[in-house]
Amino acid sequence: MQFFDDIEIGTAEDLGSHVFKKDEIISFARQFDPQPFHVNEDLAHTGLFGGLCASGWHTTSVWMRKMVDFRNADIEQRRKDGRKFARLGPSPGFENLKWLNPVYVGDRISFRSKVIGKRTLSSRPEWGLLFLLNDGLNQHGDLVFSFEGRVFVERDPDRKITI
Amino acid sequence: MTDVNTRATQCRMFEDFETGTVFDLGERTVSKEEIIAFASLYDPQPFHLDEEAGNQSILGGLAASGWHTSSMMMRMFYDALLTYSSSLGAPGIDRVSWLKPVRAGDRLSGSMKVLETRASNSKPELGFVRFLMRAENQHGVPVYEQTFSMMFGKRDAG
């Protein structure tokens, strides 16, 4: 992962894809969101969405997994190359999450992340706050969700640049 | 056994929500095991998986993934309000704030305040209810806030 100071606004990353299987959709929903259209295939077919579909929180949680895997692969590569890398911090939250289309059993969702802004913090000089537009598309090219995330990224200790 | 009529009168519908009403979502204690189980599947960052790594991180200890907290709040919301309701799902979430780390052993208390109700212009059979969902830990410290709208079927679709 690049340091906050080196990240350019507009940078877009493909985080990879995930196929949502029936078992995992039901397993997540039974734990956290047991509405009929997420847990019961028979009821789901006659209901609102016309088929069993993933909880919106499941979809965004898988986005998170793909993001972590993507960052870890990048860190691994930088280790191999002997380059330094930034730590990824936690997120204070997000805005404008839209669940635009259902994610049905068997759908392959491709996850993306784009840098849309950055802000330095006088309260935390070691960290910068990155603003991201995150989304996912299904195999038909339809957007299924998008949200504006925020995450702390470590600043380069060797650079003292004011942004 | 609940008959159909009783169930119908118990079913919470659009008309049953009033601006300003606050619903209690009850409590939920978060275990270390479930923090690690969720993070292993969906958010395997060191500060969500390992106590020592958590201690050395910006979070200052093992903490639940924010997505885990949001998902736990979804379940508290479901159990308290959605089970017997005419819910038609949520089109999205306006804002989530993960205010403070949620730690192993924390006991979360949840609440939901109705901010606004609005009948749909285009779909006479449903309306939108906008909520402020909040959770605080056992020390009374707010850890989570979420603003969002939910669609509910109307009793009177006329």
# chains A, B, ... in the order shown; residues from 1 in each chain; ligands from 1
>>> closest_atom_pairs(of="chain A", to="chain B", cutoff="9 Å", atoms="only C-alpha atoms", output="Markdown table")
| residue | atom | partner | partner_atom | distance |
| --- | --- | --- | --- | --- |
| A:Gln31 | CA | B:Arg75 | CA | 7.4 |
| A:Phe32 | CA | B:Arg75 | CA | 4.6 |
| A:Asp33 | CA | B:Arg75 | CA | 5.6 |
| A:Pro34 | CA | B:Tyr78 | CA | 7.6 |
| A:Gln35 | CA | B:Thr83 | CA | 7.7 |
| A:Leu48 | CA | B:Leu88 | CA | 7.2 |
| A:Gly56 | CA | B:Gly92 | CA | 8.4 |
| A:Trp57 | CA | B:Ser71 | CA | 6.2 |
| A:His58 | CA | B:Ser71 | CA | 8.2 |
| A:Thr60 | CA | B:Trp67 | CA | 7.8 |
| A:Ser61 | CA | B:Tyr42 | CA | 5.6 |
| A:Val62 | CA | B:Tyr42 | CA | 5.8 |
| A:Trp63 | CA | B:Tyr42 | CA | 8.2 |
| A:Met64 | CA | B:Asp43 | CA | 6.0 |
| A:Arg65 | CA | B:Tyr42 | CA | 4.6 |
| A:Lys66 | CA | B:Tyr42 | CA | 8.3 |
| A:Met67 | CA | B:Asp43 | CA | 8.6 |
| A:Val68 | CA | B:Asp43 | CA | 6.6 |
| A:Asp69 | CA | B:Pro44 | CA | 8.3 |
| A:Leu88 | CA | B:Gln45 | CA | 8.9 |
| A:Gly89 | CA | B:Ile58 | CA | 6.9 |
| A:Pro90 | CA | B:Leu59 | CA | 7.6 |
| A:Ser91 | CA | B:Trp98 | CA | 7.3 |
| A:Pro92 | CA | B:Trp98 | CA | 5.1 |
| A:Gly93 | CA | B:Ser97 | CA | 4.4 |
| A:Phe94 | CA | B:Val96 | CA | 5.4 |
| A:Glu95 | CA | B:Arg95 | CA | 4.3 |
| A:Asn96 | CA | B:Asp94 | CA | 4.7 |
| A:Leu97 | CA | B:Ile93 | CA | 4.9 |
| A:Lys98 | CA | B:Gly92 | CA | 4.2 |
| A:Trp99 | CA | B:Gly92 | CA | 5.3 |
| A:Leu100 | CA | B:Pro91 | CA | 7.1 |
| A:Phe145 | CA | B:Gly92 | CA | 8.7 |
| A:Phe147 | CA | B:Ile93 | CA | 8.8 |
>>> select_by_dssp(residues="stretch 34-129 of chain B", states="helix (DSSP H, G or I)", output="ChimeraX atom specification")
/B:34-42,46-49,51-55,66-82
>>> atom_distance(atom1="atom CA of B:Leu126", atom2="atom CA of A:Ile26")
26.6 Å
>>> residues_around(residues="A:Arg30", least_positions_apart="5", cutoff="10 Å", atoms="only C-alpha atoms", output="ChimeraX atom specification")
/A:24-25,35-36,38-40,55 /B:75
>>> write_last_selection(atoms="N, CA and C atoms", output="PDB file, in the first residue's frame")
ATOM      1  N   GLU A  24     -23.684 -19.501   1.561  1.00  0.00           N
ATOM      2  CA  GLU A  24     -23.096 -18.377   2.295  1.00  0.00           C
ATOM      3  C   GLU A  24     -24.110 -17.242   2.436  1.00  0.00           C
ATOM      4  N   ILE A  25     -24.980 -17.065   1.435  1.00  0.00           N
ATOM      5  CA  ILE A  25     -26.032 -16.044   1.525  1.00  0.00           C
ATOM      6  C   ILE A  25     -26.938 -16.355   2.714  1.00  0.00           C
ATOM      7  N   GLN A  35     -34.377 -11.761   7.125  1.00  0.00           N
ATOM      8  CA  GLN A  35     -35.611 -11.437   6.417  1.00  0.00           C
ATOM      9  C   GLN A  35     -35.871 -12.555   5.403  1.00  0.00           C
ATOM     10  N   PRO A  36     -37.167 -12.855   5.127  1.00  0.00           N
ATOM     11  CA  PRO A  36     -37.489 -14.034   4.302  1.00  0.00           C
ATOM     12  C   PRO A  36     -36.735 -14.083   2.970  1.00  0.00           C
ATOM     13  N   HIS A  38     -33.873 -13.287   2.285  1.00  0.00           N
ATOM     14  CA  HIS A  38     -32.447 -13.617   2.431  1.00  0.00           C
ATOM     15  C   HIS A  38     -32.213 -15.038   2.946  1.00  0.00           C
ATOM     16  N   VAL A  39     -33.260 -15.669   3.485  1.00  0.00           N
ATOM     17  CA  VAL A  39     -33.034 -16.984   4.122  1.00  0.00           C
ATOM     18  C   VAL A  39     -33.907 -18.115   3.582  1.00  0.00           C
ATOM     19  N   ASN A  40     -35.016 -17.776   2.932  1.00  0.00           N
ATOM     20  CA  ASN A  40     -35.972 -18.816   2.552  1.00  0.00           C
ATOM     21  C   ASN A  40     -36.217 -18.776   1.046  1.00  0.00           C
ATOM     22  N   SER A  55     -28.121 -10.387   1.768  1.00  0.00           N
ATOM     23  CA  SER A  55     -28.263  -9.194   2.593  1.00  0.00           C
ATOM     24  C   SER A  55     -27.305  -8.128   2.074  1.00  0.00           C
TER      25      SER A  55
ATOM     26  N   ARG B  75     -29.185  -7.080  13.035  1.00  0.00           N
ATOM     27  CA  ARG B  75     -29.875  -8.180  13.708  1.00  0.00           C
ATOM     28  C   ARG B  75     -30.708  -7.681  14.897  1.00  0.00           C
TER      29      ARG B  75
END
>>> residues_around(residues="B:Glu18", least_positions_apart="3", cutoff="8 Å", atoms="only C-alpha atoms", output="number ranges by chain")
B: 15, 21, 114, 116-117
